[in-house]
>>> print(open('final.pdb').read())   # PDB, C-alpha atoms
ATOM      1  CA  MET A   1     -16.108  12.821   6.118
ATOM      2  CA  VAL A   2     -14.420   9.485   6.849
ATOM      3  CA  THR A   3     -14.179   8.952  10.604
ATOM      4  CA  GLU A   4     -13.218   5.276  10.796
ATOM      5  CA  PRO A   5     -11.554   2.692   8.593
ATOM      6  CA  PRO A   6     -11.565   1.518   5.912
ATOM      7  CA  VAL A   7     -11.072   4.611   3.773
ATOM      8  CA  PRO A   8     -13.237   4.276   0.609
ATOM      9  CA  VAL A   9     -10.428   5.105  -1.802
ATOM     10  CA  ASP A  10     -12.236   3.767  -4.884
ATOM     11  CA  GLU A  11     -15.145   6.136  -4.241
ATOM     12  CA  MET A  12     -12.702   9.005  -3.754
ATOM     13  CA  ILE A  13     -11.038   8.190  -7.064
ATOM     14  CA  GLU A  14     -14.281   8.291  -9.018
ATOM     15  CA  LEU A  15     -16.425  10.805  -7.122
ATOM     16  CA  TYR A  16     -13.906  13.273  -5.713
ATOM     17  CA  LEU A  17     -11.061  13.148  -8.247
ATOM     18  CA  GLY A  18     -13.381  12.438 -11.167
ATOM     19  CA  LEU A  19     -11.230   9.665 -12.634
ATOM     20  CA  SER A  20     -12.523   6.709 -14.606
ATOM     21  CA  LEU A  21     -11.371   3.474 -12.962
ATOM     22  CA  GLU A  22     -10.555   0.610 -15.351
ATOM     23  CA  PHE A  23      -8.985  -2.851 -15.178
ATOM     24  CA  HIS A  24      -6.529  -3.984 -17.859
ATOM     25  CA  ASP A  25      -3.932  -6.693 -18.427
ATOM     26  CA  MET A  26      -0.947  -4.431 -17.882
ATOM     27  CA  GLN A  27       1.636  -7.021 -18.917
ATOM     28  CA  GLN A  28      -0.073  -7.444 -22.254
ATOM     29  CA  LEU A  29      -0.326  -3.672 -22.739
ATOM     30  CA  PHE A  30       3.178  -2.694 -21.716
ATOM     31  CA  GLY A  31       5.212  -5.868 -22.181
ATOM     32  CA  VAL A  32       6.461  -6.046 -18.582
ATOM     33  CA  GLY A  33       5.051  -7.908 -15.612
ATOM     34  CA  ASP A  34       5.465  -5.420 -12.763
ATOM     35  CA  VAL A  35       3.018  -2.685 -13.789
ATOM     36  CA  HIS A  36       0.245  -2.273 -11.217
ATOM     37  CA  GLY A  37      -1.258   1.007 -12.381
ATOM     38  CA  ALA A  38      -1.205   3.673 -15.066
ATOM     39  CA  LEU A  39      -2.606   7.184 -15.333
ATOM     40  CA  GLY A  40      -4.130   8.701 -18.422
ATOM     41  CA  VAL A  41      -3.957  12.236 -17.071
ATOM     42  CA  ASN A  42      -5.394  14.088 -20.045
ATOM     43  CA  GLU A  43      -8.197  11.533 -20.356
ATOM     44  CA  ARG A  44      -8.743  11.374 -16.565
ATOM     45  CA  ARG A  45      -8.370   7.569 -16.596
ATOM     46  CA  LEU A  46      -6.805   5.309 -13.991
ATOM     47  CA  GLY A  47      -5.886   1.818 -15.117
ATOM     48  CA  VAL A  48      -5.243  -1.014 -12.644
ATOM     49  CA  ASP A  49      -3.878  -4.444 -13.442
ATOM     50  CA  ALA A  50      -6.692  -6.996 -13.677
ATOM     51  CA  SER A  51      -4.871  -9.314 -11.263
ATOM     52  CA  LEU A  52      -5.694  -6.825  -8.479
ATOM     53  CA  ASP A  53      -9.458  -6.780  -9.085
ATOM     54  CA  PRO A  54     -10.770  -7.512  -5.545
ATOM     55  CA  GLU A  55     -14.016  -8.983  -6.856
ATOM     56  CA  GLN A  56     -12.065 -11.639  -8.758
ATOM     57  CA  HIS A  57      -9.125 -11.870  -6.344
ATOM     58  CA  PRO A  58     -10.289 -10.994  -2.785
ATOM     59  CA  ALA A  59      -6.830 -11.681  -1.341
ATOM     60  CA  LYS A  60      -5.495  -8.743  -3.381
ATOM     61  CA  LEU A  61      -7.810  -6.187  -1.737
ATOM     62  CA  GLY A  62      -4.959  -4.545   0.171
ATOM     63  CA  ARG A  63      -2.708  -4.246  -2.875
ATOM     64  CA  TYR A  64      -5.642  -2.968  -4.936
ATOM     65  CA  GLY A  65      -6.450  -0.215  -2.444
ATOM     66  CA  PHE A  66      -2.821   0.825  -2.104
ATOM     67  CA  THR A  67      -2.431   0.981  -5.882
ATOM     68  CA  LEU A  68      -5.466   3.272  -6.129
ATOM     69  CA  ALA A  69      -4.161   5.494  -3.331
ATOM     70  CA  HIS A  70      -0.692   5.546  -4.919
ATOM     71  CA  GLU A  71      -2.139   6.668  -8.253
ATOM     72  CA  ALA A  72      -4.256   9.258  -6.444
ATOM     73  CA  GLY A  73      -0.995  10.566  -5.011
ATOM     74  CA  HIS A  74       0.439  10.926  -8.497
ATOM     75  CA  TRP A  75      -2.702  12.727  -9.606
ATOM     76  CA  ARG A  76      -2.724  15.165  -6.702
ATOM     77  CA  LEU A  77       1.011  15.827  -6.573
ATOM     78  CA  TYR A  78       2.336  15.507 -10.094
ATOM     79  CA  ARG A  79      -0.363  15.581 -12.743
ATOM     80  CA  HIS A  80       0.870  18.944 -14.026
ATOM     81  CA  LEU A  81       4.179  17.248 -14.823
ATOM     82  CA  PHE A  82       2.562  14.205 -16.416
ATOM     83  CA  GLN A  83       0.451  16.374 -18.685
ATOM     84  CA  LYS A  84       3.677  17.477 -20.350
ATOM     85  CA  ARG A  85       4.397  13.835 -21.235
ATOM     86  CA  ALA A  86       1.170  13.415 -23.175
ATOM     87  CA  ASN A  87       0.980  10.669 -25.805
ATOM     88  CA  GLN A  88       4.098   8.806 -24.664
ATOM     89  CA  LEU A  89       2.497   5.412 -23.952
ATOM     90  CA  SER A  90      -0.713   3.735 -25.035
ATOM     91  CA  LEU A  91      -3.133   2.559 -22.369
ATOM     92  CA  LEU A  92      -5.488   0.999 -24.904
ATOM     93  CA  PRO A  93      -3.650  -0.098 -28.056
ATOM     94  CA  GLU A  94      -6.786  -0.112 -30.213
ATOM     95  CA  ASP A  95      -7.431   3.607 -29.815
ATOM     96  CA  ALA A  96      -5.622   6.915 -29.451
ATOM     97  CA  GLN A  97      -6.115   7.356 -25.704
ATOM     98  CA  ARG A  98      -2.810   7.426 -23.882
ATOM     99  CA  ALA A  99      -1.248   6.856 -20.435
ATOM    100  CA  GLU A 100       1.020   9.705 -19.414
ATOM    101  CA  TYR A 101       2.446   7.795 -16.448
ATOM    102  CA  VAL A 102       2.995   4.091 -15.776
ATOM    103  CA  CYS A 103       3.844   2.749 -12.299
ATOM    104  CA  ARG A 104       6.165  -0.236 -11.996
ATOM    105  CA  SER A 105       6.595  -1.924  -8.622
ATOM    106  CA  THR A 106      10.382  -2.067  -9.070
ATOM    107  CA  ASP A 107      10.704   1.694  -9.673
ATOM    108  CA  ARG A 108      12.208   3.523  -6.670
ATOM    109  CA  ASP A 109      12.202   6.975  -8.233
ATOM    110  CA  PRO A 110      11.599   9.774  -5.648
ATOM    111  CA  VAL A 111       8.244  10.436  -7.317
ATOM    112  CA  GLU A 112       7.221   6.841  -6.529
ATOM    113  CA  ILE A 113       8.382   7.119  -2.928
ATOM    114  CA  GLN A 114       6.346  10.281  -2.467
ATOM    115  CA  ALA A 115       3.280   8.583  -3.955
ATOM    116  CA  ASP A 116       3.753   5.673  -1.514
ATOM    117  CA  LYS A 117       3.851   8.114   1.412
ATOM    118  CA  PHE A 118       0.719   9.827   0.119
ATOM    119  CA  ALA A 119      -1.031   6.451  -0.160
ATOM    120  CA  ALA A 120      -0.065   5.454   3.382
ATOM    121  CA  ALA A 121      -1.357   8.746   4.800
ATOM    122  CA  LEU A 122      -4.584   8.495   2.811
ATOM    123  CA  LEU A 123      -5.409   4.890   3.699
ATOM    124  CA  MET A 124      -4.023   4.935   7.246
ATOM    125  CA  PRO A 125      -4.508   8.455   8.657
ATOM    126  CA  ARG A 126      -2.306   9.001  11.688
ATOM    127  CA  GLU A 127      -5.069   9.827  14.193
ATOM    128  CA  MET A 128      -7.276   7.028  12.906
ATOM    129  CA  VAL A 129      -4.409   4.543  13.304
ATOM    130  CA  LYS A 130      -3.696   5.801  16.818
ATOM    131  CA  THR A 131      -7.347   5.372  17.773
ATOM    132  CA  ALA A 132      -7.439   1.858  16.328
ATOM    133  CA  TRP A 133      -4.160   0.978  18.055
ATOM    134  CA  HIS A 134      -5.463   2.132  21.439
ATOM    135  CA  LYS A 135      -8.710   0.229  20.957
ATOM    136  CA  TRP A 136      -6.770  -2.923  20.001
ATOM    137  CA  ARG A 137      -4.014  -2.650  22.613
ATOM    138  CA  GLY A 138      -5.825  -0.811  25.381
ATOM    139  CA  GLN A 139      -2.872   1.582  25.577
ATOM    140  CA  MET A 140      -0.516   3.582  23.355
ATOM    141  CA  GLU A 141       2.699   1.808  24.318
ATOM    142  CA  PRO A 142       4.625   0.479  21.298
ATOM    143  CA  ILE A 143       5.397  -3.187  20.744
ATOM    144  CA  CYS A 144       9.122  -3.959  20.726
ATOM    145  CA  LEU A 145      10.506  -6.885  18.756
ATOM    146  CA  PRO A 146      12.891  -8.028  21.554
ATOM    147  CA  ASP A 147       9.910  -8.464  23.890
ATOM    148  CA  LEU A 148       8.514 -11.108  21.526
ATOM    149  CA  GLU A 149      11.497 -13.449  21.655
ATOM    150  CA  SER A 150       9.547 -16.173  23.475
ATOM    151  CA  LYS A 151       6.807 -16.061  20.804
ATOM    152  CA  ARG A 152       9.096 -15.575  17.803
ATOM    153  CA  ARG A 153       9.241 -19.224  16.706
ATOM    154  CA  GLN A 154       5.478 -19.665  17.039
ATOM    155  CA  ILE A 155       4.801 -16.490  15.048
ATOM    156  CA  LEU A 156       7.266 -17.391  12.303
ATOM    157  CA  THR A 157       5.770 -20.851  11.990
ATOM    158  CA  ALA A 158       2.302 -19.357  11.566
ATOM    159  CA  GLU A 159       3.573 -16.878   8.974
ATOM    160  CA  VAL A 160       5.494 -19.508   7.013
ATOM    161  CA  LEU A 161       2.335 -21.619   6.806
ATOM    162  CA  ARG A 162       0.314 -18.581   5.733
ATOM    163  CA  ARG A 163       2.782 -17.522   3.028
ATOM    164  CA  GLY A 164       4.049 -20.899   1.944
ATOM    165  CA  GLY A 165       7.717 -20.078   2.541
ATOM    166  CA  LEU A 166      10.249 -17.923   4.336
ATOM    167  CA  LYS A 167      12.947 -15.726   2.850
ATOM    168  CA  GLN A 168      16.305 -16.665   4.295
ATOM    169  CA  SER A 169      17.389 -13.416   5.935
ATOM    170  CA  GLU A 170      17.118 -11.939   9.404
ATOM    171  CA  ASN A 171      15.431  -8.802   8.102
ATOM    172  CA  ALA A 172      12.803 -10.892   6.320
ATOM    173  CA  ALA A 173      12.135 -12.852   9.515
ATOM    174  CA  GLU A 174      11.747  -9.624  11.492
ATOM    175  CA  ASP A 175       9.362  -8.286   8.846
ATOM    176  CA  MET A 176       7.256 -11.423   9.136
ATOM    177  CA  VAL A 177       7.004 -11.159  12.918
ATOM    178  CA  LEU A 178       6.026  -7.491  12.769
ATOM    179  CA  GLU A 179       3.554  -8.072   9.951
ATOM    180  CA  HIS A 180       1.949 -10.839  12.010
ATOM    181  CA  LEU A 181       1.386  -8.262  14.742
ATOM    182  CA  ALA A 182       0.152  -5.653  12.271
ATOM    183  CA  ARG A 183      -2.363  -7.962  10.573
ATOM    184  CA  PRO A 184      -5.383  -7.241  12.859
ATOM    185  CA  LEU A 185      -5.118  -3.533  12.051
ATOM    186  CA  ALA A 186      -4.313  -4.269   8.409
ATOM    187  CA  GLU A 187      -7.588  -6.156   8.117
ATOM    188  CA  ARG A 188      -9.426  -3.306   9.809
ATOM    189  CA  PHE A 189      -8.012  -0.756   7.358
ATOM    190  CA  GLN A 190      -8.186  -3.156   4.371
ATOM    191  CA  VAL A 191      -4.498  -2.787   3.566
ATOM    192  CA  SER A 192      -1.725  -5.349   3.324
ATOM    193  CA  ALA A 193       0.099  -6.446   6.465
ATOM    194  CA  GLU A 194       3.272  -5.059   4.895
ATOM    195  CA  ALA A 195       1.740  -1.596   4.376
ATOM    196  CA  MET A 196       0.402  -1.518   7.937
ATOM    197  CA  ARG A 197       3.708  -2.719   9.366
ATOM    198  CA  ILE A 198       5.573   0.086   7.583
ATOM    199  CA  ARG A 199       3.019   2.664   8.748
ATOM    200  CA  LEU A 200       3.205   1.471  12.363
ATOM    201  CA  GLU A 201       7.002   1.490  12.279
ATOM    202  CA  ASN A 202       7.036   5.024  10.899
ATOM    203  CA  MET A 203       4.665   6.076  13.683
ATOM    204  CA  GLY A 204       6.870   4.469  16.338
ATOM    205  CA  LEU A 205       4.254   1.920  17.379
ATOM    206  CA  LEU A 206       6.255  -1.090  16.196
ATOM    207  CA  LEU A 207       9.939  -1.061  17.145
ATOM    208  CA  ARG A 208      12.747  -3.374  16.077
ATOM    209  CA  LYS A 209      14.913  -2.247  18.985
ATOM    210  CA  LYS A 210      14.042  -0.922  22.399
ATOM    211  CA  GLU A 211      14.448   2.792  22.776
ATOM    212  CA  THR A 212      17.152   3.673  25.255
ATOM    213  CA  THR A 213      16.401   6.107  28.057
ATOM    214  CA  LEU A 214      18.493   8.141  30.468
ATOM    215  CA  PHE A 215      18.251   5.368  33.053
ATOM    216  CA  ASP A 216      19.192   2.391  30.823
TER
END
>>> encode(input="final.pdb", output="structure tokens")
Amino acid sequence: MVTEPPVPVDEMIELYLGLSLEFHDMQQLFGVGDVHGALGVNERRLGVDASLDPEQHPAKLGRYGFTLAHEAGHWRLYRHLFQKRANQLSLLPEDAQRAEYVCRSTDRDPVEIQADKFAAALLMPREMVKTAWHKWRGQMEPICLPDLESKRRQILTAEVLRRGGLKQSENAAEDMVLEHLARPLAERFQVSAEAMRIRLENMGLLLRKKETTLFD
């Protein structure tokens, strides 16, 4: 039983789900550059793009883990549907083994959204996040974006230097500030700052606006 982060999703994939984990050049296999993972359901194979291999690219550890958890979501929720699509796409062109489902990062199909939610819950369990938040903050009060106005410029400067650029939109700037705040927990859970920011927002621990009360 996992009682503290990080969640060992790669071990779960291989030992609990019984899937073979493999790295491949997905762009070469499928001819597009936004494929992060693919499932060979009938062959019980999970392919991940080689660019996410954390041993070769440590900075991609968060994306790697989320991709595994996302594919685990597909396996748990939808493999009975994918089995009906057998032999549609080749995972390894030199043999007859096939990928019944291919995940593209630009695909916003409801199935993909559900797999993202599954991945977030698997990697960042609600109670585990709450415990980590309390340990980090010393309380359960949320952080509100308006309360950070005096630190906003400093935070954005740090994030621009970290990322090498800033998208020119207010929403992007807000994301960067919140992801800066989420990064300590993201590192603890071995997920991306973006994934942790979204999880914390969904849990009401990071707020873009102050909640109004009866006395406001």
>>> atom_distance(input="final.pdb", atom1="CA of Ala173 (chain A)", atom2="CA of Glu159 (chain A)")
9.5 Å
>>> resolve_selection(input="final.pdb", expression="the PyMOL selection byres ((chain A and resi 51-61) around 8)", output="PDB file with C-alpha atoms, in the coordinates of the input")
ATOM      1  CA  PHE A  23      -8.985  -2.851 -15.178  1.00  0.00           C
ATOM      2  CA  ASP A  25      -3.932  -6.693 -18.427  1.00  0.00           C
ATOM      3  CA  HIS A  36       0.245  -2.273 -11.217  1.00  0.00           C
ATOM      4  CA  VAL A  48      -5.243  -1.014 -12.644  1.00  0.00           C
ATOM      5  CA  ASP A  49      -3.878  -4.444 -13.442  1.00  0.00           C
ATOM      6  CA  ALA A  50      -6.692  -6.996 -13.677  1.00  0.00           C
ATOM      7  CA  GLY A  62      -4.959  -4.545   0.171  1.00  0.00           C
ATOM      8  CA  ARG A  63      -2.708  -4.246  -2.875  1.00  0.00           C
ATOM      9  CA  TYR A  64      -5.642  -2.968  -4.936  1.00  0.00           C
ATOM     10  CA  GLY A  65      -6.450  -0.215  -2.444  1.00  0.00           C
ATOM     11  CA  GLN A 190      -8.186  -3.156   4.371  1.00  0.00           C
ATOM     12  CA  VAL A 191      -4.498  -2.787   3.566  1.00  0.00           C
ATOM     13  CA  SER A 192      -1.725  -5.349   3.324  1.00  0.00           C
TER      14      SER A 192
END
>>> atom_distance(input="final.pdb", atom1="CA of Phe66 (chain A)", atom2="CA of Leu181 (chain A)")
19.6 Å
>>> residues_around(input="final.pdb", residues="Leu77 (chain A)", least_positions_apart="6", cutoff="10 Å", atoms="only C-alpha atoms", output="PyMOL selection string")
chain A and resi 71+111+114-115+118
>>> atom_distance(input="final.pdb", atom1="CA of Val41 (chain A)", atom2="CA of Arg79 (chain A)")
6.5 Å
>>> residues_near_point(input="final.pdb", point="(3.4, 6.0, -6.4)", cutoff="9 Å", atoms="only C-alpha atoms", output="PDB file with C-alpha atoms, in the frame of the given file")
ATOM      1  CA  THR A  67      -2.431   0.981  -5.882  1.00  0.00           C
ATOM      2  CA  ALA A  69      -4.161   5.494  -3.331  1.00  0.00           C
ATOM      3  CA  HIS A  70      -0.692   5.546  -4.919  1.00  0.00           C
ATOM      4  CA  GLU A  71      -2.139   6.668  -8.253  1.00  0.00           C
ATOM      5  CA  ALA A  72      -4.256   9.258  -6.444  1.00  0.00           C
ATOM      6  CA  GLY A  73      -0.995  10.566  -5.011  1.00  0.00           C
ATOM      7  CA  HIS A  74       0.439  10.926  -8.497  1.00  0.00           C
ATOM      8  CA  CYS A 103       3.844   2.749 -12.299  1.00  0.00           C
ATOM      9  CA  ARG A 104       6.165  -0.236 -11.996  1.00  0.00           C
ATOM     10  CA  SER A 105       6.595  -1.924  -8.622  1.00  0.00           C
ATOM     11  CA  VAL A 111       8.244  10.436  -7.317  1.00  0.00           C
ATOM     12  CA  GLU A 112       7.221   6.841  -6.529  1.00  0.00           C
ATOM     13  CA  ILE A 113       8.382   7.119  -2.928  1.00  0.00           C
ATOM     14  CA  GLN A 114       6.346  10.281  -2.467  1.00  0.00           C
ATOM     15  CA  ALA A 115       3.280   8.583  -3.955  1.00  0.00           C
ATOM     16  CA  ASP A 116       3.753   5.673  -1.514  1.00  0.00           C
ATOM     17  CA  LYS A 117       3.851   8.114   1.412  1.00  0.00           C
ATOM     18  CA  PHE A 118       0.719   9.827   0.119  1.00  0.00           C
ATOM     19  CA  ALA A 119      -1.031   6.451  -0.160  1.00  0.00           C
TER      20      ALA A 119
END
>>> resolve_selection(input="final.pdb", expression="the PyMOL selection byres ((chain A and resi 130) around 12)", output="list in words")
Glu4, Pro5, Met124, Pro125, Arg126, Glu127, Met128, Val129, Thr131, Ala132, Trp133, His134, Lys135, Trp136, Arg137, Gly138, Gln139, Met140, Glu141, Pro142, Leu185, Arg199, Leu200, Met203, Gly204 and Leu205 of chain A
>>> residues_around(input="final.pdb", residues="Ile198 (chain A)", least_positions_apart="2", cutoff="10 Å", atoms="only C-alpha atoms", output="count of residues only")
15
>>> axis_aligned_box(input="final.pdb", around="region 201-206 of chain A", padding_each_side="3 Å", output="lines of an AutoDock Vina configuration file")
center_x = 5.6
center_y = 2.5
center_z = 14.1
size_x = 8.8
size_y = 13.2
size_z = 12.5
>>> closest_residue(input="final.pdb", among="A:Gly33, A:Leu207, A:Pro6, A:Met26", to="Ile143 (chain A)", atoms="all atoms listed in the file")
A:Leu207
>>> build_atoms(input="final.pdb", residues="region 135-150 of chain A", atoms="N, CA and C atoms", output="PDB file, in the frame of the given file")
ATOM      1  N   LYS A 135      -7.561   1.117  20.784  1.00  0.00           N
ATOM      2  CA  LYS A 135      -8.710   0.229  20.957  1.00  0.00           C
ATOM      3  C   LYS A 135      -8.257  -1.231  20.958  1.00  0.00           C
ATOM      4  N   TRP A 136      -7.276  -1.544  20.119  1.00  0.00           N
ATOM      5  CA  TRP A 136      -6.770  -2.923  20.001  1.00  0.00           C
ATOM      6  C   TRP A 136      -5.888  -3.293  21.188  1.00  0.00           C
ATOM      7  N   ARG A 137      -4.999  -2.366  21.576  1.00  0.00           N
ATOM      8  CA  ARG A 137      -4.014  -2.650  22.613  1.00  0.00           C
ATOM      9  C   ARG A 137      -4.467  -2.268  24.016  1.00  0.00           C
ATOM     10  N   GLY A 138      -5.414  -1.319  24.081  1.00  0.00           N
ATOM     11  CA  GLY A 138      -5.825  -0.811  25.381  1.00  0.00           C
ATOM     12  C   GLY A 138      -4.865   0.210  25.947  1.00  0.00           C
ATOM     13  N   GLN A 139      -3.876   0.601  25.172  1.00  0.00           N
ATOM     14  CA  GLN A 139      -2.872   1.582  25.577  1.00  0.00           C
ATOM     15  C   GLN A 139      -2.120   2.042  24.339  1.00  0.00           C
ATOM     16  N   MET A 140      -1.267   3.067  24.491  1.00  0.00           N
ATOM     17  CA  MET A 140      -0.516   3.582  23.355  1.00  0.00           C
ATOM     18  C   MET A 140       0.944   3.145  23.352  1.00  0.00           C
ATOM     19  N   GLU A 141       1.317   2.277  24.274  1.00  0.00           N
ATOM     20  CA  GLU A 141       2.699   1.808  24.318  1.00  0.00           C
ATOM     21  C   GLU A 141       3.037   1.017  23.049  1.00  0.00           C
ATOM     22  N   PRO A 142       4.233   1.234  22.495  1.00  0.00           N
ATOM     23  CA  PRO A 142       4.625   0.479  21.298  1.00  0.00           C
ATOM     24  C   PRO A 142       4.944  -0.973  21.628  1.00  0.00           C
ATOM     25  N   ILE A 143       4.961  -1.795  20.613  1.00  0.00           N
ATOM     26  CA  ILE A 143       5.397  -3.187  20.744  1.00  0.00           C
ATOM     27  C   ILE A 143       6.838  -3.268  20.251  1.00  0.00           C
ATOM     28  N   CYS A 144       7.706  -3.849  21.063  1.00  0.00           N
ATOM     29  CA  CYS A 144       9.122  -3.959  20.726  1.00  0.00           C
ATOM     30  C   CYS A 144       9.454  -5.398  20.331  1.00  0.00           C
ATOM     31  N   LEU A 145      10.150  -5.554  19.251  1.00  0.00           N
ATOM     32  CA  LEU A 145      10.506  -6.885  18.756  1.00  0.00           C
ATOM     33  C   LEU A 145      11.236  -7.734  19.797  1.00  0.00           C
ATOM     34  N   PRO A 146      12.196  -7.190  20.556  1.00  0.00           N
ATOM     35  CA  PRO A 146      12.891  -8.028  21.554  1.00  0.00           C
ATOM     36  C   PRO A 146      11.964  -8.618  22.609  1.00  0.00           C
ATOM     37  N   ASP A 147      10.841  -7.956  22.882  1.00  0.00           N
ATOM     38  CA  ASP A 147       9.910  -8.464  23.890  1.00  0.00           C
ATOM     39  C   ASP A 147       9.137  -9.688  23.406  1.00  0.00           C
ATOM     40  N   LEU A 148       9.265  -9.996  22.115  1.00  0.00           N
ATOM     41  CA  LEU A 148       8.514 -11.108  21.526  1.00  0.00           C
ATOM     42  C   LEU A 148       9.369 -12.352  21.329  1.00  0.00           C
ATOM     43  N   GLU A 149      10.564 -12.355  21.908  1.00  0.00           N
ATOM     44  CA  GLU A 149      11.497 -13.449  21.655  1.00  0.00           C
ATOM     45  C   GLU A 149      10.889 -14.811  21.993  1.00  0.00           C
ATOM     46  N   SER A 150      10.118 -14.883  23.074  1.00  0.00           N
ATOM     47  CA  SER A 150       9.547 -16.173  23.475  1.00  0.00           C
ATOM     48  C   SER A 150       8.465 -16.650  22.502  1.00  0.00           C
TER      49      SER A 150
END
